[in-house]
>>> print(open('start33.pdb').read())   # PDB, C-alpha atoms
ATOM      1  CA  MET A  16      -2.210  -5.591  29.143
ATOM      2  CA  PRO A  17      -0.514  -7.400  32.060
ATOM      3  CA  SER A  18       1.233 -10.716  31.577
ATOM      4  CA  ARG A  19      -0.967 -13.791  31.879
ATOM      5  CA  PRO A  20       1.368 -16.717  32.547
ATOM      6  CA  PHE A  21       0.405 -20.378  32.610
ATOM      7  CA  SER A  22      -1.358 -21.605  35.717
ATOM      8  CA  ASP A  23       1.653 -23.761  36.594
ATOM      9  CA  PRO A  24       4.006 -21.935  39.002
ATOM     10  CA  ALA A  25       7.232 -20.452  37.688
ATOM     11  CA  THR A  26      10.296 -22.436  38.552
ATOM     12  CA  GLY A  27      12.806 -20.336  40.347
ATOM     13  CA  ALA A  28      13.159 -17.419  37.920
ATOM     14  CA  ASP A  29      14.345 -14.060  39.197
ATOM     15  CA  SER A  30      11.075 -12.121  39.063
ATOM     16  CA  ALA A  31      12.412  -8.846  40.437
ATOM     17  CA  ALA A  32      10.981  -5.880  38.582
ATOM     18  CA  ARG A  33      13.204  -4.431  35.891
ATOM     19  CA  PRO A  34      12.978  -0.922  34.464
ATOM     20  CA  PRO A  35      10.991  -0.731  31.209
ATOM     21  CA  ARG A  36      13.059  -0.651  28.033
ATOM     22  CA  ARG A  37      12.505   2.310  25.753
ATOM     23  CA  ALA A  38      10.473   1.301  22.704
ATOM     24  CA  ALA A  39      12.139   1.807  19.361
ATOM     25  CA  PRO A  40      10.280   4.001  16.868
ATOM     26  CA  GLY A  41       7.989   2.216  14.453
ATOM     27  CA  MET A  42       5.031  -0.106  14.685
ATOM     28  CA  PRO A  43       4.534  -2.463  17.633
ATOM     29  CA  VAL A  44       5.019  -6.157  16.846
ATOM     30  CA  CYS A  45       3.360  -9.145  18.469
ATOM     31  CA  ILE A  46       5.445 -12.315  18.290
ATOM     32  CA  VAL A  47       3.317 -15.460  17.917
ATOM     33  CA  LEU A  48       5.227 -18.448  19.280
ATOM     34  CA  ALA A  49       3.885 -22.005  18.996
ATOM     35  CA  THR A  50       5.473 -24.557  21.314
ATOM     36  CA  ARG A  51       5.301 -28.267  22.005
ATOM     37  CA  ASN A  52       8.001 -30.121  23.936
ATOM     38  CA  GLY A  53      10.491 -27.401  23.038
ATOM     39  CA  ALA A  54      12.457 -27.114  26.292
ATOM     40  CA  ALA A  55      15.778 -28.163  24.759
ATOM     41  CA  TYR A  56      16.124 -25.074  22.565
ATOM     42  CA  LEU A  57      13.427 -22.627  23.673
ATOM     43  CA  PRO A  58      15.571 -20.480  26.039
ATOM     44  CA  GLU A  59      17.874 -19.425  23.169
ATOM     45  CA  GLN A  60      14.916 -18.409  21.022
ATOM     46  CA  LEU A  61      13.389 -16.379  23.859
ATOM     47  CA  GLN A  62      16.694 -14.632  24.507
ATOM     48  CA  SER A  63      16.880 -13.670  20.837
ATOM     49  CA  TYR A  64      13.629 -11.725  21.277
ATOM     50  CA  VAL A  65      15.207  -9.788  24.137
ATOM     51  CA  ASP A  66      18.230  -9.058  21.939
ATOM     52  CA  GLN A  67      16.157  -7.514  19.129
ATOM     53  CA  THR A  68      17.123  -3.961  18.196
ATOM     54  CA  HIS A  69      13.422  -3.264  17.633
ATOM     55  CA  GLU A  70      12.266  -3.244  21.238
ATOM     56  CA  ASP A  71       8.544  -2.603  20.806
ATOM     57  CA  TRP A  72       7.372  -6.210  20.874
ATOM     58  CA  ALA A  73       4.862  -8.322  22.775
ATOM     59  CA  LEU A  74       4.530 -12.106  22.888
ATOM     60  CA  VAL A  75       1.672 -14.582  22.581
ATOM     61  CA  ALA A  76       2.938 -18.098  23.320
ATOM     62  CA  SER A  77       0.622 -21.031  22.615
ATOM     63  CA  ASP A  78       1.730 -24.337  24.100
ATOM     64  CA  ASP A  79       0.181 -27.417  22.527
ATOM     65  CA  GLY A  80       0.295 -29.876  25.425
ATOM     66  CA  SER A  81       4.006 -30.090  26.194
ATOM     67  CA  GLN A  82       5.136 -32.941  28.432
ATOM     68  CA  ASP A  83       8.553 -31.453  29.160
ATOM     69  CA  ASN A  84       9.632 -28.219  30.870
ATOM     70  CA  THR A  85       8.355 -25.905  28.105
ATOM     71  CA  GLN A  86       5.526 -24.364  30.108
ATOM     72  CA  ALA A  87       7.778 -23.672  33.087
ATOM     73  CA  ILE A  88      10.329 -21.982  30.804
ATOM     74  CA  LEU A  89       7.625 -19.722  29.383
ATOM     75  CA  ASP A  90       6.370 -18.915  32.890
ATOM     76  CA  SER A  91       9.877 -18.031  33.993
ATOM     77  CA  PHE A  92      10.399 -15.818  30.953
ATOM     78  CA  ALA A  93       7.159 -13.935  31.626
ATOM     79  CA  ALA A  94       8.104 -13.484  35.293
ATOM     80  CA  ALA A  95      11.569 -12.241  34.367
ATOM     81  CA  HIS A  96      10.140  -9.590  32.013
ATOM     82  CA  PRO A  97       7.228  -7.956  33.846
ATOM     83  CA  GLU A  98       7.574  -4.873  31.656
ATOM     84  CA  ARG A  99       6.517  -6.950  28.641
ATOM     85  CA  ASP A 100       3.061  -7.862  27.398
ATOM     86  CA  ILE A 101       3.474 -11.650  27.483
ATOM     87  CA  THR A 102       0.387 -13.834  27.112
ATOM     88  CA  CYS A 103       0.573 -17.616  27.456
ATOM     89  CA  VAL A 104      -2.317 -19.790  26.327
ATOM     90  CA  SER A 105      -3.069 -23.455  25.787
ATOM     91  CA  GLY A 106      -3.144 -24.580  22.165
ATOM     92  CA  PRO A 107      -5.973 -26.588  20.583
ATOM     93  CA  ARG A 108      -3.871 -29.805  20.377
ATOM     94  CA  GLN A 109      -4.803 -30.323  16.736
ATOM     95  CA  GLY A 110      -1.350 -30.002  15.209
ATOM     96  CA  SER A 111       1.171 -27.275  14.485
ATOM     97  CA  ALA A 112      -0.876 -25.388  11.889
ATOM     98  CA  ALA A 113      -3.907 -25.162  14.179
ATOM     99  CA  ASN A 114      -1.710 -24.037  17.063
ATOM    100  CA  PHE A 115      -0.158 -21.202  15.054
ATOM    101  CA  LEU A 116      -3.408 -20.059  13.474
ATOM    102  CA  SER A 117      -5.335 -20.139  16.751
ATOM    103  CA  ALA A 118      -2.586 -18.093  18.400
ATOM    104  CA  LEU A 119      -2.661 -15.620  15.512
ATOM    105  CA  ALA A 120      -6.389 -15.096  16.027
ATOM    106  CA  ILE A 121      -5.839 -14.482  19.753
ATOM    107  CA  ALA A 122      -3.012 -12.021  19.068
ATOM    108  CA  VAL A 123      -5.016 -10.041  16.512
ATOM    109  CA  GLN A 124      -8.066  -9.865  18.752
ATOM    110  CA  ALA A 125      -5.893  -8.512  21.580
ATOM    111  CA  GLY A 126      -4.061  -5.999  19.388
ATOM    112  CA  PRO A 127      -5.498  -5.458  15.896
ATOM    113  CA  ASP A 128      -3.117  -2.565  15.162
ATOM    114  CA  ARG A 129       0.081  -4.521  15.772
ATOM    115  CA  ALA A 130       2.296  -6.240  13.240
ATOM    116  CA  LEU A 131       2.635  -9.972  13.792
ATOM    117  CA  ALA A 132       5.734 -12.178  13.612
ATOM    118  CA  PHE A 133       5.535 -15.976  13.629
ATOM    119  CA  SER A 134       8.210 -17.809  15.600
ATOM    120  CA  ASP A 135       9.245 -21.429  15.894
ATOM    121  CA  GLN A 136      10.473 -22.638  19.272
ATOM    122  CA  ASP A 137      13.922 -23.848  18.281
ATOM    123  CA  ASP A 138      15.469 -21.115  16.094
ATOM    124  CA  VAL A 139      17.438 -17.992  16.982
ATOM    125  CA  TRP A 140      16.618 -14.601  15.476
ATOM    126  CA  LEU A 141      19.477 -12.313  14.536
ATOM    127  CA  PRO A 142      19.165  -8.966  16.346
ATOM    128  CA  ASP A 143      18.072  -6.935  13.300
ATOM    129  CA  LYS A 144      15.223  -9.167  12.176
ATOM    130  CA  LEU A 145      12.278  -7.132  13.468
ATOM    131  CA  THR A 146      14.013  -3.835  12.715
ATOM    132  CA  GLN A 147      14.428  -4.795   9.065
ATOM    133  CA  ALA A 148      10.823  -5.975   8.758
ATOM    134  CA  VAL A 149       9.393  -2.823  10.339
ATOM    135  CA  ALA A 150      11.648  -0.618   8.189
ATOM    136  CA  TRP A 151      10.385  -2.356   5.042
ATOM    137  CA  PHE A 152       6.783  -1.848   6.097
ATOM    138  CA  GLY A 153       7.475   1.799   6.858
ATOM    139  CA  ALA A 154       9.051   2.438   3.447
ATOM    140  CA  ARG A 155       5.992   1.248   1.528
ATOM    141  CA  PRO A 156       3.810   4.017   0.044
ATOM    142  CA  ASP A 157       0.497   2.390   1.016
ATOM    143  CA  SER A 158       0.577   1.426   4.687
ATOM    144  CA  ALA A 159      -3.080   0.353   4.592
ATOM    145  CA  ARG A 160      -2.442  -2.393   2.030
ATOM    146  CA  PRO A 161      -1.872  -5.865   3.525
ATOM    147  CA  ALA A 162       1.788  -6.848   3.321
ATOM    148  CA  ALA A 163       4.098  -9.606   4.477
ATOM    149  CA  TRP A 164       7.872  -9.652   4.912
ATOM    150  CA  VAL A 165      10.029 -12.775   4.918
ATOM    151  CA  CYS A 166      13.764 -13.385   4.924
ATOM    152  CA  ARG A 167      16.197 -16.159   4.155
ATOM    153  CA  THR A 168      17.673 -18.293   6.927
ATOM    154  CA  VAL A 169      21.073 -19.623   7.949
ATOM    155  CA  LEU A 170      20.755 -23.397   8.183
ATOM    156  CA  THR A 171      22.555 -24.723  11.256
ATOM    157  CA  ASP A 172      23.139 -27.956  13.126
ATOM    158  CA  THR A 173      21.777 -28.502  16.620
ATOM    159  CA  ALA A 174      24.631 -26.445  18.118
ATOM    160  CA  LEU A 175      23.834 -23.501  15.783
ATOM    161  CA  ARG A 176      26.906 -24.102  13.635
ATOM    162  CA  PRO A 177      26.114 -22.856  10.097
ATOM    163  CA  VAL A 178      25.811 -25.516   7.408
ATOM    164  CA  GLY A 179      24.314 -23.467   4.556
ATOM    165  CA  GLU A 180      21.570 -21.011   3.634
ATOM    166  CA  SER A 181      17.963 -21.402   2.582
ATOM    167  CA  ARG A 182      16.884 -21.225  -1.046
ATOM    168  CA  HIS A 183      16.450 -18.104  -3.091
ATOM    169  CA  PHE A 184      13.302 -18.257  -5.223
ATOM    170  CA  ALA A 185      13.728 -16.820  -8.701
ATOM    171  CA  ARG A 186      10.134 -16.835  -9.916
ATOM    172  CA  PRO A 187       7.611 -14.273  -8.677
ATOM    173  CA  VAL A 188       5.292 -14.754  -5.749
ATOM    174  CA  GLY A 189       1.640 -15.132  -6.671
ATOM    175  CA  PHE A 190      -1.569 -17.051  -6.139
ATOM    176  CA  GLY A 191      -0.810 -19.334  -9.083
ATOM    177  CA  ASN A 192       2.322 -20.439  -7.259
ATOM    178  CA  ALA A 193       0.658 -20.621  -3.842
ATOM    179  CA  LEU A 194      -1.964 -23.080  -5.087
ATOM    180  CA  VAL A 195       0.703 -25.764  -5.545
ATOM    181  CA  GLN A 196       3.683 -24.612  -3.461
ATOM    182  CA  ASN A 197       4.530 -22.673  -0.335
ATOM    183  CA  ILE A 198       7.598 -20.431  -0.463
ATOM    184  CA  LEU A 199       7.011 -18.382   2.702
ATOM    185  CA  ALA A 200       9.095 -19.843   5.524
ATOM    186  CA  GLY A 201       6.886 -19.658   8.586
ATOM    187  CA  ASN A 202       9.774 -19.014  10.961
ATOM    188  CA  THR A 203      10.553 -15.750   9.115
ATOM    189  CA  ILE A 204       7.078 -14.339   8.331
ATOM    190  CA  VAL A 205       6.172 -10.881   9.635
ATOM    191  CA  LEU A 206       2.728  -9.461   8.753
ATOM    192  CA  ASN A 207       1.741  -5.815   8.864
ATOM    193  CA  PRO A 208      -1.448  -5.075  10.849
ATOM    194  CA  ALA A 209      -3.701  -5.159   7.763
ATOM    195  CA  ALA A 210      -2.331  -8.540   6.693
ATOM    196  CA  ALA A 211      -2.602  -9.959  10.207
ATOM    197  CA  ARG A 212      -6.254  -8.931  10.380
ATOM    198  CA  ALA A 213      -6.937 -10.386   6.913
ATOM    199  CA  VAL A 214      -5.454 -13.761   7.844
ATOM    200  CA  ALA A 215      -7.228 -13.757  11.225
ATOM    201  CA  ARG A 216     -10.597 -13.493   9.471
ATOM    202  CA  THR A 217      -9.856 -16.774   7.663
ATOM    203  CA  VAL A 218      -8.782 -18.790  10.702
ATOM    204  CA  PRO A 219     -12.179 -20.452  11.369
ATOM    205  CA  ALA A 220     -12.337 -21.763   7.790
ATOM    206  CA  ALA A 221      -8.728 -22.965   7.933
ATOM    207  CA  LEU A 222      -9.333 -24.825  11.197
ATOM    208  CA  ARG A 223     -12.525 -26.449   9.907
ATOM    209  CA  ALA A 224     -10.685 -27.736   6.840
ATOM    210  CA  ASP A 225      -7.601 -28.768   8.852
ATOM    211  CA  VAL A 226      -5.175 -27.020   6.512
ATOM    212  CA  PRO A 227      -1.749 -28.710   6.705
ATOM    213  CA  TYR A 228       0.602 -25.717   7.154
ATOM    214  CA  HIS A 229      -0.009 -22.290   8.640
ATOM    215  CA  ASP A 230       2.636 -20.585   6.487
ATOM    216  CA  TRP A 231       1.241 -22.093   3.285
ATOM    217  CA  TRP A 232      -2.202 -20.864   4.334
ATOM    218  CA  VAL A 233      -0.799 -17.371   4.908
ATOM    219  CA  TYR A 234       0.725 -17.421   1.412
ATOM    220  CA  LEU A 235      -2.573 -18.547  -0.122
ATOM    221  CA  VAL A 236      -4.637 -15.897   1.638
ATOM    222  CA  LEU A 237      -2.269 -12.989   1.108
ATOM    223  CA  SER A 238      -1.566 -13.744  -2.548
ATOM    224  CA  GLY A 239      -5.299 -14.287  -3.037
ATOM    225  CA  ILE A 240      -6.187 -10.811  -1.742
ATOM    226  CA  GLY A 241      -3.352  -9.143  -3.645
ATOM    227  CA  ALA A 242      -1.132  -8.346  -0.670
ATOM    228  CA  GLU A 243       2.426  -7.146  -1.184
ATOM    229  CA  ILE A 244       5.098  -9.680  -0.220
ATOM    230  CA  GLY A 245       8.673  -8.571   0.379
ATOM    231  CA  MET A 246      11.506 -11.093   0.405
ATOM    232  CA  GLU A 247      14.691 -10.016   2.176
ATOM    233  CA  ALA A 248      17.736 -11.648   0.563
ATOM    234  CA  ARG A 249      19.825 -11.561   3.731
ATOM    235  CA  PRO A 250      19.407 -14.422   6.188
ATOM    236  CA  LEU A 251      18.204 -13.088   9.549
ATOM    237  CA  VAL A 252      17.189 -16.305  11.308
ATOM    238  CA  LEU A 253      19.361 -19.195  12.487
ATOM    239  CA  TYR A 254      17.263 -22.188  11.435
ATOM    240  CA  ARG A 255      18.253 -25.111  13.630
ATOM    241  CA  GLN A 256      18.030 -28.518  11.936
ATOM    242  CA  HIS A 257      17.327 -31.492  14.188
ATOM    243  CA  ASP A 258      15.300 -34.692  14.296
ATOM    244  CA  GLY A 259      12.376 -32.964  15.980
ATOM    245  CA  ASN A 260      11.750 -30.358  13.258
ATOM    246  CA  HIS A 261       8.077 -30.338  12.237
ATOM    247  CA  LEU A 262       9.105 -29.992   8.601
ATOM    248  CA  GLY A 263      12.698 -28.795   8.330
ATOM    249  CA  HIS A 264      14.801 -27.767   5.381
ATOM    250  CA  HIS A 265      16.096 -30.302   2.900
ATOM    251  CA  GLY A 266      18.732 -30.188   0.228
ATOM    252  CA  PRO A 267      18.167 -31.115  -3.429
ATOM    253  CA  LEU A 268      18.602 -34.902  -3.092
ATOM    254  CA  VAL A 269      16.710 -35.311   0.178
ATOM    255  CA  GLY A 270      14.098 -32.911  -1.120
ATOM    256  CA  ARG A 271      13.492 -34.993  -4.239
ATOM    257  CA  LEU A 272      13.159 -38.161  -2.149
ATOM    258  CA  LYS A 273      10.748 -36.527   0.282
ATOM    259  CA  ARG A 274       8.646 -35.118  -2.540
ATOM    260  CA  PHE A 275       8.539 -38.515  -4.239
ATOM    261  CA  GLY A 276       7.396 -40.175  -1.013
ATOM    262  CA  THR A 277       4.749 -37.515  -0.452
ATOM    263  CA  VAL A 278       3.425 -37.971  -3.990
ATOM    264  CA  ALA A 279       3.462 -41.769  -3.771
ATOM    265  CA  ARG A 280       1.483 -41.722  -0.516
ATOM    266  CA  ARG A 281      -0.945 -39.154  -1.997
ATOM    267  CA  GLU A 282      -0.360 -36.873   0.995
ATOM    268  CA  TYR A 283       0.160 -33.869  -1.250
ATOM    269  CA  SER A 284      -3.212 -34.356  -2.921
ATOM    270  CA  GLY A 285      -4.827 -34.439   0.502
ATOM    271  CA  TRP A 286      -3.090 -31.179   1.434
ATOM    272  CA  LEU A 287      -4.521 -29.567  -1.692
ATOM    273  CA  ASP A 288      -7.989 -30.899  -0.831
ATOM    274  CA  ALA A 289      -7.820 -29.267   2.609
ATOM    275  CA  ASN A 290      -6.498 -25.968   1.258
ATOM    276  CA  LEU A 291      -9.147 -25.800  -1.452
ATOM    277  CA  ALA A 292     -11.951 -26.606   0.998
ATOM    278  CA  ALA A 293     -10.881 -23.692   3.184
ATOM    279  CA  LEU A 294     -10.333 -21.382   0.214
ATOM    280  CA  SER A 295     -13.877 -22.012  -0.980
ATOM    281  CA  GLU A 296     -15.116 -20.339   2.228
ATOM    282  CA  VAL A 297     -12.933 -17.231   2.055
ATOM    283  CA  SER A 298     -12.426 -16.538  -1.643
ATOM    284  CA  GLY A 299     -15.075 -13.826  -1.689
ATOM    285  CA  ALA A 300     -12.379 -11.441  -0.483
ATOM    286  CA  PHE A 301      -9.948 -12.421  -3.260
ATOM    287  CA  THR A 302      -9.053 -10.522  -6.393
ATOM    288  CA  PRO A 303     -10.974 -11.415  -9.569
ATOM    289  CA  GLU A 304      -7.819 -13.020 -10.996
ATOM    290  CA  ALA A 305      -7.333 -15.195  -7.919
ATOM    291  CA  ARG A 306     -10.964 -16.297  -8.029
ATOM    292  CA  ARG A 307     -10.550 -17.178 -11.713
ATOM    293  CA  LEU A 308      -7.478 -19.257 -10.938
ATOM    294  CA  LEU A 309      -9.162 -21.009  -8.033
ATOM    295  CA  LYS A 310     -12.258 -21.862 -10.069
ATOM    296  CA  GLY A 311     -10.188 -23.100 -13.008
ATOM    297  CA  PHE A 312      -7.901 -25.207 -10.831
ATOM    298  CA  ARG A 313     -10.827 -26.803  -9.017
ATOM    299  CA  ARG A 314     -12.565 -27.687 -12.299
ATOM    300  CA  ALA A 315      -9.379 -29.051 -13.843
ATOM    301  CA  ARG A 316      -8.736 -31.246 -10.804
ATOM    302  CA  GLN A 317     -12.205 -32.713 -11.178
ATOM    303  CA  LYS A 318     -11.368 -33.795 -14.740
ATOM    304  CA  GLY A 319      -7.840 -34.837 -13.815
ATOM    305  CA  GLY A 320      -5.298 -36.701 -15.914
ATOM    306  CA  PRO A 321      -3.982 -35.156 -19.136
ATOM    307  CA  PHE A 322      -6.616 -32.415 -19.002
ATOM    308  CA  LEU A 323      -5.335 -31.217 -15.620
ATOM    309  CA  ALA A 324      -1.696 -31.491 -16.711
ATOM    310  CA  ALA A 325      -2.363 -29.321 -19.770
ATOM    311  CA  ALA A 326      -4.475 -26.848 -17.790
ATOM    312  CA  LEU A 327      -1.783 -25.955 -15.246
ATOM    313  CA  PRO A 328       0.388 -23.711 -17.464
ATOM    314  CA  ARG A 329      -2.661 -22.377 -19.293
ATOM    315  CA  LEU A 330      -4.216 -21.247 -16.005
ATOM    316  CA  GLY A 331      -0.967 -19.773 -14.747
ATOM    317  CA  ILE A 332      -0.265 -22.331 -12.010
ATOM    318  CA  TYR A 333       3.432 -22.927 -11.430
ATOM    319  CA  ARG A 334       6.146 -23.963  -9.023
ATOM    320  CA  GLN A 335       9.430 -22.140  -8.588
ATOM    321  CA  THR A 336      11.504 -24.307 -10.939
ATOM    322  CA  ALA A 337      11.045 -26.034 -14.271
ATOM    323  CA  GLN A 338      11.674 -29.332 -12.483
ATOM    324  CA  GLY A 339       8.867 -28.507 -10.072
ATOM    325  CA  ASP A 340       6.549 -27.746 -12.987
ATOM    326  CA  ARG A 341       7.345 -31.145 -14.504
ATOM    327  CA  LEU A 342       6.653 -32.790 -11.152
ATOM    328  CA  VAL A 343       3.145 -31.335 -10.785
ATOM    329  CA  ARG A 344       2.299 -32.221 -14.392
ATOM    330  CA  MET A 345       3.390 -35.798 -13.726
ATOM    331  CA  MET A 346       1.286 -35.827 -10.568
ATOM    332  CA  ALA A 347      -1.689 -34.558 -12.538
ATOM    333  CA  ARG A 348      -1.335 -37.225 -15.217
ATOM    334  CA  THR A 349      -1.101 -40.019 -12.616
ATOM    335  CA  GLY A 350      -4.024 -38.878 -10.479
ATOM    336  CA  ARG A 351      -1.918 -37.609  -7.571
ATOM    337  CA  LEU A 352      -2.797 -33.922  -7.876
TER     338      LEU A 352
END
>>> encode(input="start33.pdb", output="structure tokens")
Amino acid sequence: MPSRPFSDPATGADSAARPPRRAAPGMPVCIVLATRNGAAYLPEQLQSYVDQTHEDWALVASDDGSQDNTQAILDSFAAAHPERDITCVSGPRQGSAANFLSALAIAVQAGPDRALAFSDQDDVWLPDKLTQAVAWFGARPDSARPAAWVCRTVLTDTALRPVGESRHFARPVGFGNALVQNILAGNTIVLNPAAARAVARTVPAALRADVPYHDWWVYLVLSGIGAEIGMEARPLVLYRQHDGNHLGHHGPLVGRLKRFGTVARREYSGWLDANLAALSEVSGAFTPEARRLLKGFRRARQKGGPFLAAALPRLGIYRQTAQGDRLVRMMARTGRL
């Protein structure tokens, strides 16, 4: 498919044709990039795609109404890489989650047999990221089973100076965890073709319900259908922390304060409402165990209070730490879950 840049003209990029790069062996990958006013950091992220050791990648970039130079940067990148399949589209302007999920649906429709990698606009991928993801997919015995790969990240300041690493989650992945917590970092997620198609089928329901986070939705859907989720312990993304992060990483103290504020404002309960509304439309494809959990959680939330607090461990609904478990039980008892 030829590149389809934005309608705005490119701004001075060298558009001379370059010889095609030889594709690395393994599955093709479509990068899904969501942008909005990302001009300050976007060029470094785009260059990190070019530097990937896995060279068989395409790009779908969805810009959500940028008022800066983001669209021109994407146009210039497409013009500078005519050998690449680079598609640029306008986002729905309904928030980050809708932008990512809409772009995912476009990417899957254009190439249903490609893996799919989500990308933020302000990070930098280490060169081996896609290679490691594709190698993990290739080593699995059942290539037809939906699967997702994620990795840890190096936390950096705005100049990409390392300041730490992202969390390691000790408890297992699962639908019981996904109902109350997301542990899949969206800027690291890579889906195999079967998983990408499975998530794409749920996009209309997710958009109707206005789910809060695309990566949380991916975790809910994939754990609900029994997909395999691999978590690479090595950090392979430089995760830039700055004031414009949509969510951003937070340490233990800041994290506790943010969670307390979210609970007090009842935002978290609203997020669960949106997720559950969307899940009610797509749960027919889930495993029997996931459907049991979903039905039990919905009924317990209707009763609320002490009943809900006691039902969480009985149903098998958990967060990744004992402290997190105590938090959701407190939320249940006080009507904030």
>>> closest_atom_pairs(input="start33.pdb", of="stretch 162-266 of chain A", to="stretch 107-127 of chain A", cutoff="12 Å", atoms="all atoms listed in the file", output="tab-separated table")
residue	atom	partner	partner_atom	distance
A:Gly201	CA	A:Phe115	CA	9.7
A:Asn202	CA	A:Phe115	CA	11.0
A:Val205	CA	A:Leu119	CA	11.6
A:Leu206	CA	A:Leu119	CA	10.6
A:Asn207	CA	A:Pro127	CA	10.1
A:Pro208	CA	A:Pro127	CA	6.5
A:Ala209	CA	A:Pro127	CA	8.3
A:Ala210	CA	A:Pro127	CA	10.2
A:Ala211	CA	A:Val123	CA	6.8
A:Arg212	CA	A:Val123	CA	6.4
A:Ala213	CA	A:Val123	CA	9.8
A:Val214	CA	A:Ala120	CA	8.3
A:Ala215	CA	A:Ala120	CA	5.1
A:Arg216	CA	A:Ala120	CA	8.0
A:Thr217	CA	A:Ala120	CA	9.2
A:Val218	CA	A:Leu116	CA	6.2
A:Pro219	CA	A:Ser117	CA	8.7
A:Ala220	CA	A:Leu116	CA	10.7
A:Ala221	CA	A:Ala113	CA	8.2
A:Leu222	CA	A:Ala113	CA	6.2
A:Arg223	CA	A:Ala113	CA	9.7
A:Ala224	CA	A:Ala113	CA	10.3
A:Asp225	CA	A:Ala113	CA	7.4
A:Val226	CA	A:Ala112	CA	7.1
A:Pro227	CA	A:Ala112	CA	6.2
A:Tyr228	CA	A:Ala112	CA	5.0
A:His229	CA	A:Ala112	CA	4.6
A:Asp230	CA	A:Ala112	CA	8.0
A:Trp231	CA	A:Ala112	CA	9.5
A:Trp232	CA	A:Ala112	CA	8.9
A:Val233	CA	A:Leu116	CA	9.3
A:Asn260	CA	A:Ser111	CA	11.1
A:His261	CA	A:Ser111	CA	7.9
A:Leu262	CA	A:Ser111	CA	10.2
>>> resolve_selection(input="start33.pdb", expression="the PyMOL selection byres ((chain A and resi 319) around 10)", output="JSON, numbers by chain")
{"A": [313, 314, 315, 316, 317, 318, 320, 321, 322, 323, 324, 325, 326, 346, 347, 348, 349, 350, 351, 352]}
>>> closest_residue(input="start33.pdb", among="A:Leu145, A:Ala242, A:Pro97, A:Pro58", to="A:Ile46", atoms="all atoms listed in the file")
A:Leu145
>>> closest_residue(input="start33.pdb", among="A:Cys166, A:Leu194, A:Arg186, A:Ser284", to="A:Arg249", atoms="all atoms listed in the file")
A:Cys166
>>> resolve_selection(input="start33.pdb", expression="the PyMOL selection byres ((chain A and resi 62) around 12)", output="ChimeraX atom specification")
/A:56-61,63-67,88-89,92-93,95-96,136-142
>>> resolve_selection(input="start33.pdb", expression="the PyMOL selection byres ((chain A and resi 185) around 12)", output="number ranges by chain")
A: 182-184, 186-188, 198, 246, 248, 334-337
>>> residues_around(input="start33.pdb", residues="A:Ile240", least_positions_apart="2", cutoff="6 Å", atoms="all atoms listed in the file", output="mmCIF file with C-alpha atoms, in the coordinates of the input")
data_model
loop_
_atom_site.group_PDB
_atom_site.id
_atom_site.type_symbol
_atom_site.label_atom_id
_atom_site.label_comp_id
_atom_site.auth_asym_id
_atom_site.auth_seq_id
_atom_site.Cartn_x
_atom_site.Cartn_y
_atom_site.Cartn_z
ATOM 1 C CA LEU A 237 -2.269 -12.989 1.108
ATOM 2 C CA SER A 238 -1.566 -13.744 -2.548
ATOM 3 C CA ALA A 242 -1.132 -8.346 -0.670
ATOM 4 C CA PHE A 301 -9.948 -12.421 -3.260
ATOM 5 C CA THR A 302 -9.053 -10.522 -6.393
#
>>> residues_around(input="start33.pdb", residues="stretch 306-309 of chain A", least_positions_apart="3", cutoff="8 Å", atoms="only C-alpha atoms", output="NGL selection string")
:A and (190-191 or 239 or 298-299 or 301-303 or 312-313 or 330-332)
>>> closest_residue(input="start33.pdb", among="A:Val195, A:Leu327, A:Leu170, A:Ala305", to="A:Trp286", atoms="only C-alpha atoms")
A:Val195
>>> atom_distance(input="start33.pdb", atom1="atom CA of A:Asn192", atom2="atom CA of A:Leu287")
12.7 Å
>>> closest_residue(input="start33.pdb", among="A:Ala163, A:Ala193, A:Gln256, A:Ile244", to="A:Arg176", atoms="only C-alpha atoms")
A:Gln256
>>> closest_residue(input="start33.pdb", among="A:Asn290, A:Val47, A:Lys310, A:Ala148", to="A:Asn197", atoms="all atoms listed in the file")
A:Asn290
>>> closest_residue(input="start33.pdb", among="A:Asp71, A:Asp135, A:Asp78, A:Glu243", to="A:Pro156", atoms="all atoms listed in the file")
A:Glu243
